[in-house]
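Comments concern the structure below.
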Amino acid sequence: MGTVVDAPNAAYTTMDAVGRLKEKGVKVVFVLGGPGSGKGTQCANIVRVFGFTHLSAGDLLRAEIKSGSENGTMIQNMIKEGKIVPSEVTIKLLEKAMLENGNDKFLIDGFPRNEENRAAFENVTKIEPEFVLFFDCPEEEMERRLLGRNQGRDDDNIETIRKRFKVFLESSLPVVDYYNLKGKVRKVDAAKPIDDVFESVKVIFSNFSKKGA
């Protein structure tokens, strides 16, 4: 559609988006897990086997910045100033991505990062996730994986990794706890080998038809 997501007079409005998402019958699965828990690898497997579309909140924000739009410039300036991008900005990018994609099944990875994100997502989109796929992995194992991978990421040093763990524990675990109380958490032992983890994931997604089936 190409409209700037936060333009006050744009054709793209939150109410319009809510109605269209409902009409489309969108199904959402939140994917949560600490850094190094293997979320990205397993999301790729779920996309391949079960035909979901994988949406990464971080990737959407980076793409918006790269587009050079007014919205992207605002996001970039906030990040440069060390400010947290408001939940509604990220949510509108997620809404737009879901509406522009032909699919109706989405994995949302790396969001909600905290309780405020979660409440805002449900309030803005009127969507509750089908469930939360939680990759449970001991901190020592995640640390070992992150230090062992050679992706040239400058945030893969021990101090930064430990800060990321701390943020995950303080911010994201309350989201897992909230959905757990509602019976909506599907926990996977993410310390196992990749293929074993996906065997557990396949059982969780057994209610969704396989791609091409």
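Just so we're on the same page: first chain in the structure tokens is A, next is B, and so on; residues restart at 1 for each chain, and ligands are numbered from 1 in the order they show up.
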Mind checking which residues fall within 10 Å of A:Thr53, counting only C-alpha atoms, ignoring those fewer than 5 positions away in the same chain, and posting them as a ChimeraX atom specification?
/A:28,43-44,46-48,97-98,101-108
Taking only residues of stretch 110-205 of chain A that have an atom at most 12 Å from an atom of stretch 71-90 of chain A, what is each one's shortest atom pair and its distance in Å to one decimal, using only C-alpha atoms, in chain and number order, as JSON lines?
```
{"residue": "A:Gly110", "atom": "CA", "partner": "A:Thr90", "partner_atom": "CA", "distance": 11.1}
{"residue": "A:Phe111", "atom": "CA", "partner": "A:Thr90", "partner_atom": "CA", "distance": 8.9}
{"residue": "A:Pro112", "atom": "CA", "partner": "A:Ser87", "partner_atom": "CA", "distance": 8.7}
{"residue": "A:Arg113", "atom": "CA", "partner": "A:Ser87", "partner_atom": "CA", "distance": 9.6}
{"residue": "A:Asn114", "atom": "CA", "partner": "A:Ser87", "partner_atom": "CA", "distance": 9.8}
{"residue": "A:Glu115", "atom": "CA", "partner": "A:Ser87", "partner_atom": "CA", "distance": 10.5}
{"residue": "A:Glu116", "atom": "CA", "partner": "A:Ser87", "partner_atom": "CA", "distance": 7.5}
{"residue": "A:Asn117", "atom": "CA", "partner": "A:Ser87", "partner_atom": "CA", "distance": 5.4}
{"residue": "A:Arg118", "atom": "CA", "partner": "A:Ser87", "partner_atom": "CA", "distance": 8.8}
{"residue": "A:Ala119", "atom": "CA", "partner": "A:Ser87", "partner_atom": "CA", "distance": 9.4}
{"residue": "A:Ala120", "atom": "CA", "partner": "A:Ser87", "partner_atom": "CA", "distance": 6.6}
{"residue": "A:Phe121", "atom": "CA", "partner": "A:Glu88", "partner_atom": "CA", "distance": 7.6}
{"residue": "A:Glu122", "atom": "CA", "partner": "A:Glu88", "partner_atom": "CA", "distance": 10.8}
{"residue": "A:Asn123", "atom": "CA", "partner": "A:Glu88", "partner_atom": "CA", "distance": 9.9}
{"residue": "A:Val124", "atom": "CA", "partner": "A:Glu88", "partner_atom": "CA", "distance": 7.6}
{"residue": "A:Thr125", "atom": "CA", "partner": "A:Glu88", "partner_atom": "CA", "distance": 10.0}
```
How would the residues just chosen look if you wrote them out with C-alpha atoms as a PDB file, in the first residue's frame?
```pdb
ATOM      1  CA  GLY A 110      11.179 -10.939  19.046  1.00  0.00           C
ATOM      2  CA  PHE A 111       7.906  -9.242  19.972  1.00  0.00           C
ATOM      3  CA  PRO A 112       6.354  -8.632  22.450  1.00  0.00           C
ATOM      4  CA  ARG A 113       9.570  -7.889  24.328  1.00  0.00           C
ATOM      5  CA  ASN A 114       7.750  -6.782  27.477  1.00  0.00           C
ATOM      6  CA  GLU A 115       4.324  -6.516  29.091  1.00  0.00           C
ATOM      7  CA  GLU A 116       3.700  -3.051  27.652  1.00  0.00           C
ATOM      8  CA  ASN A 117       4.341  -4.406  24.114  1.00  0.00           C
ATOM      9  CA  ARG A 118       1.975  -7.311  24.778  1.00  0.00           C
ATOM     10  CA  ALA A 119      -0.885  -5.183  26.086  1.00  0.00           C
ATOM     11  CA  ALA A 120      -0.474  -2.664  23.253  1.00  0.00           C
ATOM     12  CA  PHE A 121      -0.464  -5.407  20.578  1.00  0.00           C
ATOM     13  CA  GLU A 122      -3.726  -6.913  21.825  1.00  0.00           C
ATOM     14  CA  ASN A 123      -5.277  -3.476  22.304  1.00  0.00           C
ATOM     15  CA  VAL A 124      -4.309  -2.156  18.853  1.00  0.00           C
ATOM     16  CA  THR A 125      -4.816  -5.266  16.705  1.00  0.00           C
TER      17      THR A 125
END
```
Quote the spacing between atom CA of A:Arg162 and atom CA of A:Gly36 in Å to one decimal place.
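Computing it gives 11.5 Å between the two atoms.
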Kindly indicate which residue among A:Arg144, A:His54, A:Cys137, A:Lys27 lies nearest to A:Gly40, using only C-alpha atoms for the distances.
A:His54
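Atom CA of A:Phe52 is positioned 9.6 Å from atom CA of A:Lys210.
Across the model, the gap from atom CA of A:Lys66 to atom CA of A:Leu93 is 13.7 Å.
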Picked from chain A by DSSP as helix (DSSP H, G or I), as a compact mmCIF listing (two decimals) with N, CA and C atoms, in the first residue's frame:
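Listed below is the output, selection_4.txt:
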```
# COMPACT_ATOMS: atom_id res chain seq x y z
N THR A 14 -5.76 2.51 11.98
CA THR A 14 -5.77 1.36 12.88
C THR A 14 -7.11 0.64 12.81
N MET A 15 -8.22 1.38 12.82
CA MET A 15 -9.54 0.74 12.79
C MET A 15 -9.73 -0.04 11.50
N ASP A 16 -9.28 0.56 10.41
CA ASP A 16 -9.37 -0.11 9.11
C ASP A 16 -8.56 -1.41 9.14
N ALA A 17 -7.35 -1.32 9.71
CA ALA A 17 -6.46 -2.49 9.77
C ALA A 17 -7.08 -3.59 10.62
N VAL A 18 -7.67 -3.22 11.76
CA VAL A 18 -8.29 -4.21 12.65
C VAL A 18 -9.37 -4.98 11.92
N GLY A 19 -10.23 -4.25 11.21
CA GLY A 19 -11.32 -4.88 10.46
C GLY A 19 -10.81 -5.82 9.39
N ARG A 20 -9.78 -5.39 8.70
CA ARG A 20 -9.23 -6.20 7.60
C ARG A 20 -8.49 -7.43 8.13
N LEU A 21 -7.79 -7.28 9.26
CA LEU A 21 -7.11 -8.43 9.86
C LEU A 21 -8.14 -9.46 10.32
N LYS A 22 -9.24 -8.97 10.87
CA LYS A 22 -10.30 -9.87 11.35
C LYS A 22 -10.94 -10.60 10.16
N GLU A 23 -11.19 -9.84 9.11
CA GLU A 23 -11.80 -10.40 7.90
C GLU A 23 -10.89 -11.48 7.29
N LYS A 24 -9.59 -11.24 7.37
CA LYS A 24 -8.60 -12.16 6.82
C LYS A 24 -8.45 -13.42 7.67
N LYS A 39 15.78 -19.59 18.06
CA LYS A 39 14.49 -19.18 17.49
C LYS A 39 14.53 -19.08 15.96
N GLY A 40 15.59 -18.41 15.45
CA GLY A 40 15.66 -18.16 14.01
C GLY A 40 15.69 -19.44 13.20
N THR A 41 16.49 -20.39 13.65
CA THR A 41 16.61 -21.68 12.95
C THR A 41 15.27 -22.41 12.92
N GLN A 42 14.59 -22.44 14.07
CA GLN A 42 13.32 -23.16 14.16
C GLN A 42 12.20 -22.44 13.42
N CYS A 43 12.23 -21.10 13.42
CA CYS A 43 11.23 -20.35 12.64
C CYS A 43 11.35 -20.71 11.16
N ALA A 44 12.59 -20.82 10.67
CA ALA A 44 12.80 -21.20 9.26
C ALA A 44 12.22 -22.58 8.97
N ASN A 45 12.37 -23.51 9.93
CA ASN A 45 11.80 -24.86 9.76
C ASN A 45 10.27 -24.81 9.73
N ILE A 46 9.68 -24.01 10.61
CA ILE A 46 8.21 -23.90 10.68
C ILE A 46 7.67 -23.30 9.37
N VAL A 47 8.36 -22.29 8.86
CA VAL A 47 7.97 -21.68 7.58
C VAL A 47 8.01 -22.73 6.48
N ARG A 48 9.09 -23.50 6.45
CA ARG A 48 9.29 -24.50 5.38
C ARG A 48 8.25 -25.61 5.44
N VAL A 49 7.95 -26.11 6.65
CA VAL A 49 7.07 -27.28 6.77
C VAL A 49 5.60 -26.90 6.91
N PHE A 50 5.32 -25.84 7.65
CA PHE A 50 3.92 -25.52 7.95
C PHE A 50 3.39 -24.28 7.23
N ALA A 57 10.23 -8.41 14.30
CA ALA A 57 10.00 -7.00 14.62
C ALA A 57 11.25 -6.17 14.30
N GLY A 58 12.42 -6.71 14.66
CA GLY A 58 13.67 -6.00 14.41
C GLY A 58 13.92 -5.78 12.92
N ASP A 59 13.66 -6.82 12.11
CA ASP A 59 13.86 -6.71 10.66
C ASP A 59 12.93 -5.66 10.06
N LEU A 60 11.68 -5.62 10.54
CA LEU A 60 10.72 -4.64 10.02
C LEU A 60 11.15 -3.21 10.33
N LEU A 61 11.66 -3.01 11.54
CA LEU A 61 12.14 -1.68 11.92
C LEU A 61 13.35 -1.29 11.06
N ARG A 62 14.27 -2.24 10.86
CA ARG A 62 15.46 -1.96 10.04
C ARG A 62 15.07 -1.66 8.59
N ALA A 63 14.09 -2.41 8.07
CA ALA A 63 13.63 -2.19 6.68
C ALA A 63 12.98 -0.82 6.54
N GLU A 64 12.24 -0.41 7.56
CA GLU A 64 11.58 0.91 7.52
C GLU A 64 12.62 2.02 7.53
N ILE A 65 13.67 1.85 8.33
CA ILE A 65 14.75 2.84 8.37
C ILE A 65 15.41 2.92 6.99
N LYS A 66 15.69 1.75 6.41
CA LYS A 66 16.38 1.67 5.12
C LYS A 66 15.54 2.30 3.99
N SER A 67 14.22 2.25 4.15
CA SER A 67 13.33 2.78 3.09
C SER A 67 13.45 4.30 2.94
N GLU A 70 9.62 8.94 6.14
CA GLU A 70 9.54 9.85 7.29
C GLU A 70 9.49 9.03 8.59
N ASN A 71 8.72 7.97 8.53
CA ASN A 71 8.57 7.07 9.69
C ASN A 71 9.92 6.42 10.02
N GLY A 72 10.65 5.99 8.98
CA GLY A 72 11.95 5.36 9.17
C GLY A 72 12.97 6.30 9.79
N THR A 73 12.93 7.56 9.35
CA THR A 73 13.85 8.57 9.91
C THR A 73 13.56 8.78 11.39
N MET A 74 12.27 8.82 11.73
CA MET A 74 11.88 8.99 13.13
C MET A 74 12.39 7.82 13.98
N ILE A 75 12.23 6.60 13.45
CA ILE A 75 12.69 5.40 14.17
C ILE A 75 14.21 5.46 14.35
N GLN A 76 14.91 5.80 13.28
CA GLN A 76 16.38 5.87 13.33
C GLN A 76 16.86 6.88 14.37
N ASN A 77 16.21 8.05 14.40
CA ASN A 77 16.59 9.09 15.36
C ASN A 77 16.37 8.64 16.79
N MET A 78 15.25 7.92 17.02
CA MET A 78 14.95 7.43 18.37
C MET A 78 16.03 6.43 18.82
N ILE A 79 16.40 5.53 17.90
CA ILE A 79 17.41 4.51 18.23
C ILE A 79 18.76 5.18 18.51
N LYS A 80 19.12 6.18 17.67
CA LYS A 80 20.38 6.90 17.86
C LYS A 80 20.43 7.58 19.22
N SER A 87 5.74 1.12 21.24
CA SER A 87 5.09 -0.13 20.85
C SER A 87 4.23 0.05 19.61
N GLU A 88 3.45 1.15 19.58
CA GLU A 88 2.48 1.32 18.49
C GLU A 88 3.17 1.44 17.13
N VAL A 89 4.39 1.98 17.10
CA VAL A 89 5.12 2.10 15.83
C VAL A 89 5.44 0.70 15.30
N THR A 90 5.97 -0.14 16.18
CA THR A 90 6.30 -1.52 15.78
C THR A 90 5.04 -2.29 15.41
N ILE A 91 3.98 -2.11 16.18
CA ILE A 91 2.73 -2.83 15.94
C ILE A 91 2.14 -2.45 14.58
N LYS A 92 2.20 -1.17 14.24
CA LYS A 92 1.66 -0.74 12.94
C LYS A 92 2.46 -1.35 11.79
N LEU A 93 3.79 -1.50 11.99
CA LEU A 93 4.60 -2.16 10.95
C LEU A 93 4.22 -3.63 10.84
N LEU A 94 3.96 -4.28 11.98
CA LEU A 94 3.53 -5.68 11.96
C LEU A 94 2.16 -5.81 11.28
N GLU A 95 1.23 -4.92 11.61
CA GLU A 95 -0.10 -4.92 10.99
C GLU A 95 0.01 -4.79 9.47
N LYS A 96 0.81 -3.81 9.06
CA LYS A 96 0.98 -3.54 7.63
C LYS A 96 1.55 -4.76 6.92
N ALA A 97 2.56 -5.40 7.55
CA ALA A 97 3.18 -6.59 6.95
C ALA A 97 2.17 -7.73 6.84
N MET A 98 1.32 -7.90 7.85
CA MET A 98 0.31 -8.98 7.82
C MET A 98 -0.75 -8.71 6.76
N LEU A 99 -1.12 -7.44 6.59
CA LEU A 99 -2.15 -7.10 5.60
C LEU A 99 -1.62 -7.21 4.17
N GLU A 100 -0.35 -6.89 3.99
CA GLU A 100 0.21 -6.89 2.63
C GLU A 100 0.64 -8.29 2.18
N GLU A 115 5.77 -6.54 28.82
CA GLU A 115 4.32 -6.52 29.09
C GLU A 115 3.62 -5.35 28.39
N GLU A 116 4.31 -4.22 28.31
CA GLU A 116 3.70 -3.05 27.65
C GLU A 116 3.49 -3.34 26.17
N ASN A 117 4.48 -3.98 25.52
CA ASN A 117 4.34 -4.41 24.11
C ASN A 117 3.14 -5.33 23.95
N ARG A 118 3.04 -6.30 24.86
CA ARG A 118 1.98 -7.31 24.78
C ARG A 118 0.59 -6.67 24.86
N ALA A 119 0.42 -5.82 25.88
CA ALA A 119 -0.89 -5.18 26.09
C ALA A 119 -1.23 -4.29 24.89
N ALA A 120 -0.23 -3.56 24.39
CA ALA A 120 -0.47 -2.66 23.25
C ALA A 120 -0.84 -3.46 22.00
N PHE A 121 -0.17 -4.59 21.76
CA PHE A 121 -0.46 -5.41 20.58
C PHE A 121 -1.92 -5.88 20.60
N GLU A 122 -2.35 -6.41 21.74
CA GLU A 122 -3.73 -6.91 21.83
C GLU A 122 -4.73 -5.77 21.72
N ASN A 123 -4.38 -4.63 22.32
CA ASN A 123 -5.28 -3.48 22.30
C ASN A 123 -5.42 -2.89 20.90
N VAL A 124 -4.29 -2.78 20.18
CA VAL A 124 -4.31 -2.16 18.85
C VAL A 124 -4.88 -3.10 17.79
N THR A 125 -4.42 -4.35 17.79
CA THR A 125 -4.82 -5.27 16.71
C THR A 125 -6.08 -6.06 17.02
N GLU A 139 20.99 -20.57 30.43
CA GLU A 139 21.83 -19.42 30.08
C GLU A 139 23.23 -19.86 29.63
N GLU A 140 23.81 -20.88 30.30
CA GLU A 140 25.16 -21.32 29.94
C GLU A 140 25.21 -21.84 28.50
N GLU A 141 24.14 -22.54 28.08
CA GLU A 141 24.10 -23.08 26.72
C GLU A 141 23.96 -21.96 25.69
N MET A 142 23.10 -20.98 25.99
CA MET A 142 22.93 -19.85 25.06
C MET A 142 24.24 -19.07 24.94
N GLU A 143 24.91 -18.90 26.07
CA GLU A 143 26.19 -18.18 26.09
C GLU A 143 27.22 -18.93 25.23
N ARG A 144 27.27 -20.25 25.38
CA ARG A 144 28.21 -21.07 24.62
C ARG A 144 27.95 -20.93 23.11
N ARG A 145 26.67 -20.96 22.74
CA ARG A 145 26.31 -20.85 21.32
C ARG A 145 26.68 -19.49 20.75
N LEU A 146 26.35 -18.44 21.49
CA LEU A 146 26.60 -17.08 20.99
C LEU A 146 28.10 -16.81 20.85
N LEU A 147 28.88 -17.28 21.80
CA LEU A 147 30.32 -17.06 21.74
C LEU A 147 30.95 -17.92 20.64
N GLY A 148 30.29 -19.04 20.31
CA GLY A 148 30.85 -19.97 19.34
C GLY A 148 30.51 -19.66 17.90
N ILE A 158 31.04 -11.26 25.71
CA ILE A 158 30.47 -11.77 26.96
C ILE A 158 29.69 -10.72 27.75
N GLU A 159 30.18 -9.48 27.80
CA GLU A 159 29.47 -8.44 28.57
C GLU A 159 28.11 -8.13 27.95
N THR A 160 28.12 -7.96 26.61
CA THR A 160 26.86 -7.64 25.91
C THR A 160 25.89 -8.79 26.00
N ILE A 161 26.39 -10.01 25.86
CA ILE A 161 25.53 -11.19 25.93
C ILE A 161 24.83 -11.25 27.29
N ARG A 162 25.59 -11.01 28.36
CA ARG A 162 25.00 -11.09 29.70
C ARG A 162 23.97 -9.99 29.93
N LYS A 163 24.22 -8.82 29.34
CA LYS A 163 23.22 -7.73 29.42
C LYS A 163 21.94 -8.15 28.71
N ARG A 164 22.10 -8.78 27.53
CA ARG A 164 20.93 -9.23 26.76
C ARG A 164 20.14 -10.28 27.52
N PHE A 165 20.85 -11.20 28.21
CA PHE A 165 20.16 -12.20 29.04
C PHE A 165 19.34 -11.51 30.13
N LYS A 166 19.97 -10.52 30.77
CA LYS A 166 19.33 -9.82 31.89
C LYS A 166 18.04 -9.13 31.41
N VAL A 167 18.15 -8.46 30.25
CA VAL A 167 16.97 -7.77 29.69
C VAL A 167 15.88 -8.79 29.39
N PHE A 168 16.27 -9.94 28.80
CA PHE A 168 15.28 -10.96 28.47
C PHE A 168 14.56 -11.46 29.73
N LEU A 169 15.34 -11.76 30.77
CA LEU A 169 14.75 -12.29 32.02
C LEU A 169 13.82 -11.27 32.66
N GLU A 170 14.24 -10.01 32.67
CA GLU A 170 13.44 -8.98 33.36
C GLU A 170 12.23 -8.55 32.56
N SER A 171 12.38 -8.50 31.23
CA SER A 171 11.30 -7.94 30.40
C SER A 171 10.41 -8.99 29.74
N SER A 172 11.02 -10.01 29.14
CA SER A 172 10.25 -10.95 28.34
C SER A 172 9.62 -12.09 29.13
N LEU A 173 10.28 -12.53 30.20
CA LEU A 173 9.70 -13.64 30.97
C LEU A 173 8.32 -13.31 31.56
N PRO A 174 8.07 -12.06 32.01
CA PRO A 174 6.71 -11.74 32.47
C PRO A 174 5.63 -11.95 31.38
N VAL A 175 6.01 -11.76 30.10
CA VAL A 175 5.07 -12.02 28.99
C VAL A 175 4.76 -13.51 28.93
N VAL A 176 5.81 -14.34 29.06
CA VAL A 176 5.63 -15.79 29.06
C VAL A 176 4.74 -16.20 30.24
N ASP A 177 4.99 -15.61 31.41
CA ASP A 177 4.19 -15.93 32.61
C ASP A 177 2.72 -15.55 32.41
N TYR A 178 2.49 -14.39 31.79
CA TYR A 178 1.11 -13.93 31.54
C TYR A 178 0.34 -14.94 30.69
N TYR A 179 0.95 -15.36 29.58
CA TYR A 179 0.27 -16.30 28.68
C TYR A 179 0.22 -17.71 29.27
N ASN A 180 1.17 -18.03 30.12
CA ASN A 180 1.16 -19.33 30.78
C ASN A 180 -0.08 -19.47 31.66
N LEU A 181 -0.43 -18.38 32.34
CA LEU A 181 -1.63 -18.39 33.19
C LEU A 181 -2.90 -18.60 32.36
N ILE A 194 19.32 -29.47 17.17
CA ILE A 194 18.34 -28.78 16.31
C ILE A 194 17.22 -29.71 15.84
N ASP A 195 17.57 -30.90 15.33
CA ASP A 195 16.55 -31.82 14.79
C ASP A 195 15.59 -32.30 15.88
N ASP A 196 16.12 -32.54 17.08
CA ASP A 196 15.28 -32.98 18.19
C ASP A 196 14.32 -31.87 18.62
N VAL A 197 14.84 -30.64 18.61
CA VAL A 197 13.98 -29.49 18.97
C VAL A 197 12.84 -29.40 17.96
N PHE A 198 13.15 -29.57 16.67
CA PHE A 198 12.09 -29.44 15.66
C PHE A 198 11.06 -30.57 15.76
N GLU A 199 11.49 -31.74 16.20
CA GLU A 199 10.51 -32.82 16.42
C GLU A 199 9.47 -32.38 17.45
N SER A 200 9.92 -31.72 18.52
CA SER A 200 9.00 -31.20 19.55
C SER A 200 8.11 -30.11 18.97
N VAL A 201 8.71 -29.26 18.13
CA VAL A 201 7.97 -28.16 17.51
C VAL A 201 6.86 -28.71 16.60
N LYS A 202 7.19 -29.77 15.85
CA LYS A 202 6.20 -30.35 14.92
C LYS A 202 4.96 -30.85 15.66
N VAL A 203 5.16 -31.42 16.83
CA VAL A 203 4.02 -31.89 17.64
C VAL A 203 3.14 -30.70 18.02
N ILE A 204 3.76 -29.60 18.41
CA ILE A 204 3.03 -28.40 18.82
C ILE A 204 2.20 -27.83 17.67
```
